[in-house]
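Notes to accompany the following structure.
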Amino acid sequence: MTAESPLPDVPALPARFNFAQHLLEANVARSGKVAFVDDAGTLNYGTLADRVKRLAAGLRGLGIRREERVLLLMQDGCDWPVSFLGGIYAGLVPVAVNTLLTADDYAYMLENSRAQAVLVSGALLPTLTAAMTRSDHEVRKVIVSRPVAPLHPAEVEFEAFLAAHDPAPRPAPTGADDPAFWLYSSGSTGRPKGTVHSHANPYWTAELYGKRVLKLREDDVCFSAAKLFFAYGLGNGLSFPMSVGATTILMGERPTPEATFKRMHGDVGGVKPTVFFGAPTGFAGMLAHPQLPARADLALRLVSSAGEALPAELGERFKAHFGVDIVDGIGSTEMLHIFLSNTPEKVRYGTTGWPVPGYEVELRGENGEPVPDGEPGDLYIHGPSAAMMYWGNRVKSRETFQGAWTKSGDKYIRNADGTYTYAGRSDDMLKVSGIYVSPFEVEATLVQHPAVLEAAVIGKEDADGLTKTKAFVVRKDGACVEEAELKAFVKDRLAPYKYPRFIEFVADLPKTATGKIQRFKLRALEQERG
C-alpha cells in the first residue's frame, strides 16, 4: 500500500519509507558536493551519508529500540543534520529541542519523551547536566558534539562515537506513517507539547512547498535565520535543500543583523546565500541597521518569511533596498511547514497569499460554520503533512487534530481575490465596542510611522472595565515621537475604534527564539500592575 499524493505530479510514497534514506539516496551522485557549511568547515554529501550511517549503527548499538526517543539539544552546525538523520535512519525518533530553554524545561522534556540518549553541543552540556540532576529519568548515553571541557564516564565525544562504529548497512524498515521525529510546540500557556511527525511529513513539505512553490534548485545556497529545531528552520535548512541537492549555511550563533550580514557577504565558507529564510522581526532589524549591505554585494534571488505575519510596509521597504520580494507564508509546528503563502511570481503584500497546492484551508466561525469573505474566522487546514498527535496529551490532540482537519489557532480574513489576511491569534483577538480588532492590523499601521521600529498591541481595561487597545512601542534609535502623534497617525489610517487608547514606549519587546512577539507576557505585565 502506498501513501497517496495530494497532487498528480507529486510521486506517491511506498508503504515502506525512511525519510533519511530518501534524502541520502537522492544525493548519491553528488557525493563530492558540499551539503552543509558552518563556522568550523564543510560537509559534503558523501561524508554526510557515511556519518549518518555510523551514528545510526552507534545508537542501535546502545540497545535503543525502534521508535524510542533520543533528545537532540544542539546548536546549528554540521553535526546537527548527522544527528537528526542518523536517528531517523536507525528507526529511532529524534526529539529536536530549542537550545534557549532552561534546565527545568529540559528535565520535563527528558521525562515526557523518555529519551534513551542525548546528543548535545558542548556549550549546552552544563544546562543538560543540570536538567538530568533534576529528573528521575535515566539515559543510556550522552553524546557530546565539540566538547568544551573534559567529559565524564557516562559521556562520549561525538567524533569518537562515530569512529567506533562501522556504517549501518541498511536503514530501519520504517513505514511512511511511522513516527520519525518530534518537535515541541510551545503555546502561550502550559507545558510544551511533543508534536509527533511521520516519515512522510517532511517529504510532503519539501515536494509541495520547497520544490513547487519556492522552486529551490540544486545550485542554490540556502541560509535560514530560523534554527533547525523549529519546524520552519528544519524545512529551510535541511529537508528542502537536501531534497534538491543544494548547499546550506548553518549558523550556531543568534541571528543578529551583524551575524546575518556576515553570512550574506560570504564570509563563512566562501559562499553567498541565494535563498534567505527569515522572519519579520529580523527583517525590521536588518533594515534599521546602520551597516545595511548594498544590493550589489549580495547574491539573493529569493527571500522567504514566516513565524509572524509580514507588515506590507516592511516587505515594500525590503524590496526597494534589495530588489527581491519577501515571499510571506504561514506554517505551524503541527503542519510542519508552510501551507498558505505568497509565491515568488505573485506577491500581495499585506496578505499571506493563497493556499499551497496540495493543502485546503477553511475559515470557520464560533459555530463551526464557514464565514463569508471579509469576516474573520478560525483557520483550519487539510493537508498531508499534519502531525499525528501531541504525545501523551489526548485533550489537546482532540482540540487541534479534528479528523482530516487541523485547527491552527490563527484568525484570518479571506479577501475577494482569494488571498488571506492575518487577523491575529485566536487568543489575541480583541473585542472593542463589540467589534473584533486585530492586534496585528494596529501593529502593522504603527510600524509605518518613520520613528517606530516595533509595536505590540494587547487589550487593556479602561476605567469603565471596557476593553481598549494598548500599544507597546519601540522607537528607532535617535527617533522622537510622542503618544498623541502616534494616536493621530493610526486614526488617519484605520477605523476610529481601532486606534490604541494607551501607548507605552519601551526599550524592547518580549519575543520567542524565532522572533514572535509574546503578547501574553505583556498581558501578564498589565495584570501585575493592576
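So you can find residues: chains in the C-alpha cells are A, B, ... in the order shown, residues in each start at 1, and ligands are numbered from 1 in order.
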
> Per DSSP on the backbone, what are the helix (DSSP H, G or I) residues of stretch 159-303 of chain A, as a PyMOL selection string?
Replying inline: chain A and resi 159-163+200-211+231-244+257-264+280-288+295-297

>> Set the distance at 6 Å and use only C-alpha atoms: which residues neighbour stretch 325-333 of chain A once local chain neighbours fewer than 6 positions away are removed? I'd like the list as an MDAnalysis selection string.
In response: chainID A and resid 231 303:306 315 319 339:343 352

Those same residues - N, CA and C atoms - I'd like them written as an mmCIF file, in the first residue's frame.
data_model
loop_
_atom_site.group_PDB
_atom_site.id
_atom_site.type_symbol
_atom_site.label_atom_id
_atom_site.label_comp_id
_atom_site.auth_asym_id
_atom_site.auth_seq_id
_atom_site.Cartn_x
_atom_site.Cartn_y
_atom_site.Cartn_z
ATOM 1 N N ALA A 231 10.170 24.000 13.256
ATOM 2 C CA ALA A 231 9.610 23.401 12.050
ATOM 3 C C ALA A 231 9.993 24.208 10.816
ATOM 4 N N VAL A 303 13.732 35.360 -1.081
ATOM 5 C CA VAL A 303 13.668 35.587 0.361
ATOM 6 C C VAL A 303 12.307 35.117 0.853
ATOM 7 N N SER A 304 12.317 34.351 1.916
ATOM 8 C CA SER A 304 11.098 33.768 2.481
ATOM 9 C C SER A 304 10.891 34.297 3.897
ATOM 10 N N SER A 305 9.625 34.404 4.294
ATOM 11 C CA SER A 305 9.302 34.857 5.643
ATOM 12 C C SER A 305 8.185 34.016 6.215
ATOM 13 N N ALA A 306 8.264 33.768 7.519
ATOM 14 C CA ALA A 306 7.197 33.080 8.261
ATOM 15 C C ALA A 306 7.437 33.370 9.734
ATOM 16 N N GLY A 315 7.738 44.676 3.882
ATOM 17 C CA GLY A 315 8.066 43.987 2.647
ATOM 18 C C GLY A 315 8.424 44.943 1.520
ATOM 19 N N LYS A 319 12.019 45.212 -0.439
ATOM 20 C CA LYS A 319 12.091 45.091 -1.898
ATOM 21 C C LYS A 319 12.778 46.321 -2.505
ATOM 22 N N PHE A 339 1.701 26.282 4.613
ATOM 23 C CA PHE A 339 0.538 25.762 3.885
ATOM 24 C C PHE A 339 -0.276 26.875 3.223
ATOM 25 N N LEU A 340 0.050 28.134 3.531
ATOM 26 C CA LEU A 340 -0.642 29.292 2.974
ATOM 27 C C LEU A 340 0.444 30.313 2.676
ATOM 28 N N SER A 341 0.540 30.767 1.396
ATOM 29 C CA SER A 341 1.728 31.538 1.061
ATOM 30 C C SER A 341 1.553 32.370 -0.197
ATOM 31 N N ASN A 342 2.285 33.477 -0.226
ATOM 32 C CA ASN A 342 2.545 34.150 -1.476
ATOM 33 C C ASN A 342 3.501 33.275 -2.298
ATOM 34 N N THR A 343 3.775 33.644 -3.512
ATOM 35 C CA THR A 343 4.708 32.896 -4.342
ATOM 36 C C THR A 343 5.736 33.852 -4.924
ATOM 37 N N THR A 352 -1.201 36.923 3.372
ATOM 38 C CA THR A 352 -0.369 35.719 3.461
ATOM 39 C C THR A 352 -0.529 34.863 2.212
#

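Using only C-alpha atoms, the residues found no farther than 9 Å from A:Glu138, other than those of its own chain fewer than 4 positions away, are Leu110, Glu111, Arg114, Ala115, Gln116, Ala117 and Met132 of chain A.
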
Could you save the residues just selected, with N, CA, C and O atoms, as a CSV table (one decimal), in the first residue's frame?
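File produced: out.csv:
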chain,number,residue,atom,x,y,z
A,110,LEU,N,13.0,15.5,28.9
A,110,LEU,CA,13.5,14.2,29.1
A,110,LEU,C,12.5,13.2,29.6
A,110,LEU,O,12.4,12.1,29.1
A,111,GLU,N,11.8,13.6,30.6
A,111,GLU,CA,10.8,12.7,31.2
A,111,GLU,C,9.6,12.5,30.3
A,111,GLU,O,9.1,11.4,30.2
A,114,ARG,N,10.9,10.4,27.4
A,114,ARG,CA,11.6,9.2,27.8
A,114,ARG,C,12.8,8.9,27.0
A,114,ARG,O,13.1,7.7,26.6
A,115,ALA,N,13.5,9.9,26.7
A,115,ALA,CA,14.7,9.8,25.8
A,115,ALA,C,15.7,8.8,26.3
A,115,ALA,O,16.0,8.9,27.5
A,116,GLN,N,16.2,8.0,25.4
A,116,GLN,CA,17.2,7.0,25.8
A,116,GLN,C,18.6,7.4,25.7
A,116,GLN,O,19.5,6.8,26.3
A,117,ALA,N,18.8,8.5,24.9
A,117,ALA,CA,20.2,9.0,24.8
A,117,ALA,C,20.0,10.5,24.5
A,117,ALA,O,18.9,11.0,24.1
A,132,MET,N,19.4,16.9,34.0
A,132,MET,CA,19.5,15.5,34.4
A,132,MET,C,19.5,15.3,35.9
A,132,MET,O,18.9,14.3,36.4

>> Could you tell me how far atom CA of A:Gly91 sits from atom CA of A:Thr174, in Å to one decimal place?
In response: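 Between atom CA of A:Thr174 and atom CA of A:Gly91 the gap is 6.4 Å.
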
>> Residues near A:Asn112, anyone? I mean within 12 Å using only C-alpha atoms, not counting same-chain ones fewer than 4 positions away, as a list in words.
In response: Arg69, Val70, Leu71, Val95, Asp105, Tyr106, Ala107, Tyr108, Gln116, Ser135, Asp136, His137, Trp182, Tyr184, Arg191, Pro192, Lys193, Gly194, Thr195, Tyr390, Trp391, Gly392 and Asn393 of chain A

> Running DSSP on the backbone, which parts of stretch 180-253 of chain A land in strand (DSSP E), as number ranges by chain?
Replying inline: A: 180-185, 193-198, 221-224, 247-249

> With only C-alpha atoms as the basis for distance, which of A:Ser224, A:Lys511, A:Glu362, A:Ala309 is at the shortest distance from A:Ala423?
Replying inline: A:Ala309

>> At a cut-off of 10 Å, using only C-alpha atoms, what residues contact A:Ser385? Leave out same-chain residues fewer than 3 positions from it and give the result as a PyMOL selection string.
In response: chain A and resi 197-205+208+334-339+358-359+382+388

> How many Å separate atom CA of A:Met389 from atom CA of A:Ala20?
Replying inline: 21.4 Å

Counting only C-alpha atoms, what is within 9 Å of A:Thr351, bar same-chain residues fewer than 2 positions away, as an mmCIF file with N, CA, C and O atoms, in the first residue's frame?
data_model
loop_
_atom_site.group_PDB
_atom_site.id
_atom_site.type_symbol
_atom_site.label_atom_id
_atom_site.label_comp_id
_atom_site.auth_asym_id
_atom_site.auth_seq_id
_atom_site.Cartn_x
_atom_site.Cartn_y
_atom_site.Cartn_z
ATOM 1 N N ALA A 309 3.049 37.342 10.790
ATOM 2 C CA ALA A 309 2.638 37.982 9.545
ATOM 3 C C ALA A 309 3.555 39.151 9.209
ATOM 4 O O ALA A 309 4.013 39.884 10.076
ATOM 5 N N LEU A 310 3.815 39.319 7.929
ATOM 6 C CA LEU A 310 4.727 40.358 7.449
ATOM 7 C C LEU A 310 3.951 41.645 7.163
ATOM 8 O O LEU A 310 3.077 41.658 6.290
ATOM 9 N N PRO A 311 4.257 42.745 7.841
ATOM 10 C CA PRO A 311 3.606 44.018 7.505
ATOM 11 C C PRO A 311 3.947 44.433 6.072
ATOM 12 O O PRO A 311 5.097 44.293 5.626
ATOM 13 N N ALA A 312 2.962 44.951 5.356
ATOM 14 C CA ALA A 312 3.166 45.328 3.954
ATOM 15 C C ALA A 312 4.296 46.341 3.809
ATOM 16 O O ALA A 312 5.144 46.229 2.913
ATOM 17 N N ASP A 328 5.995 35.828 1.787
ATOM 18 C CA ASP A 328 5.470 35.594 3.135
ATOM 19 C C ASP A 328 4.482 34.433 3.139
ATOM 20 O O ASP A 328 3.660 34.301 2.223
ATOM 21 N N GLY A 329 4.576 33.601 4.161
ATOM 22 C CA GLY A 329 3.656 32.479 4.315
ATOM 23 C C GLY A 329 3.425 32.184 5.777
ATOM 24 O O GLY A 329 4.055 32.775 6.662
ATOM 25 N N SER A 341 0.540 30.767 1.396
ATOM 26 C CA SER A 341 1.728 31.538 1.061
ATOM 27 C C SER A 341 1.553 32.370 -0.197
ATOM 28 O O SER A 341 0.800 32.023 -1.112
ATOM 29 N N ASN A 342 2.285 33.477 -0.226
ATOM 30 C CA ASN A 342 2.545 34.150 -1.476
ATOM 31 C C ASN A 342 3.501 33.275 -2.298
ATOM 32 O O ASN A 342 4.010 32.264 -1.789
ATOM 33 N N VAL A 347 3.178 38.221 -5.434
ATOM 34 C CA VAL A 347 3.233 38.663 -4.046
ATOM 35 C C VAL A 347 2.164 39.732 -3.825
ATOM 36 O O VAL A 347 2.077 40.695 -4.589
ATOM 37 N N ARG A 348 1.339 39.536 -2.812
ATOM 38 C CA ARG A 348 0.365 40.540 -2.408
ATOM 39 C C ARG A 348 0.714 40.957 -0.981
ATOM 40 O O ARG A 348 0.315 40.305 -0.010
ATOM 41 N N TYR A 349 1.525 42.011 -0.852
ATOM 42 C CA TYR A 349 1.920 42.454 0.477
ATOM 43 C C TYR A 349 0.696 42.845 1.299
ATOM 44 O O TYR A 349 -0.269 43.403 0.782
ATOM 45 N N GLY A 353 -1.144 35.431 1.175
ATOM 46 C CA GLY A 353 -1.205 34.748 -0.098
ATOM 47 C C GLY A 353 -2.336 33.743 -0.209
ATOM 48 O O GLY A 353 -3.428 33.934 0.329
ATOM 49 N N TRP A 354 -2.033 32.656 -0.916
ATOM 50 C CA TRP A 354 -3.021 31.656 -1.305
ATOM 51 C C TRP A 354 -2.659 30.287 -0.719
ATOM 52 O O TRP A 354 -1.505 30.047 -0.362
ATOM 53 N N ASN A 415 -9.986 37.373 1.354
ATOM 54 C CA ASN A 415 -10.257 38.534 0.521
ATOM 55 C C ASN A 415 -10.900 38.112 -0.797
ATOM 56 O O ASN A 415 -10.898 36.931 -1.171
ATOM 57 N N THR A 419 -6.866 35.733 -1.648
ATOM 58 C CA THR A 419 -5.788 35.801 -0.670
ATOM 59 C C THR A 419 -6.370 35.823 0.737
ATOM 60 O O THR A 419 -7.570 36.038 0.931
ATOM 61 N N TYR A 420 -5.490 35.616 1.703
ATOM 62 C CA TYR A 420 -5.900 35.587 3.110
ATOM 63 C C TYR A 420 -5.081 36.608 3.893
ATOM 64 O O TYR A 420 -3.858 36.700 3.723
ATOM 65 N N THR A 421 -5.748 37.340 4.755
ATOM 66 C CA THR A 421 -5.095 38.364 5.574
ATOM 67 C C THR A 421 -5.129 37.944 7.034
ATOM 68 O O THR A 421 -6.183 37.588 7.568
ATOM 69 N N TYR A 422 -3.979 38.003 7.650
ATOM 70 C CA TYR A 422 -3.842 37.606 9.050
ATOM 71 C C TYR A 422 -4.598 38.561 9.955
ATOM 72 O O TYR A 422 -4.519 39.783 9.798
#
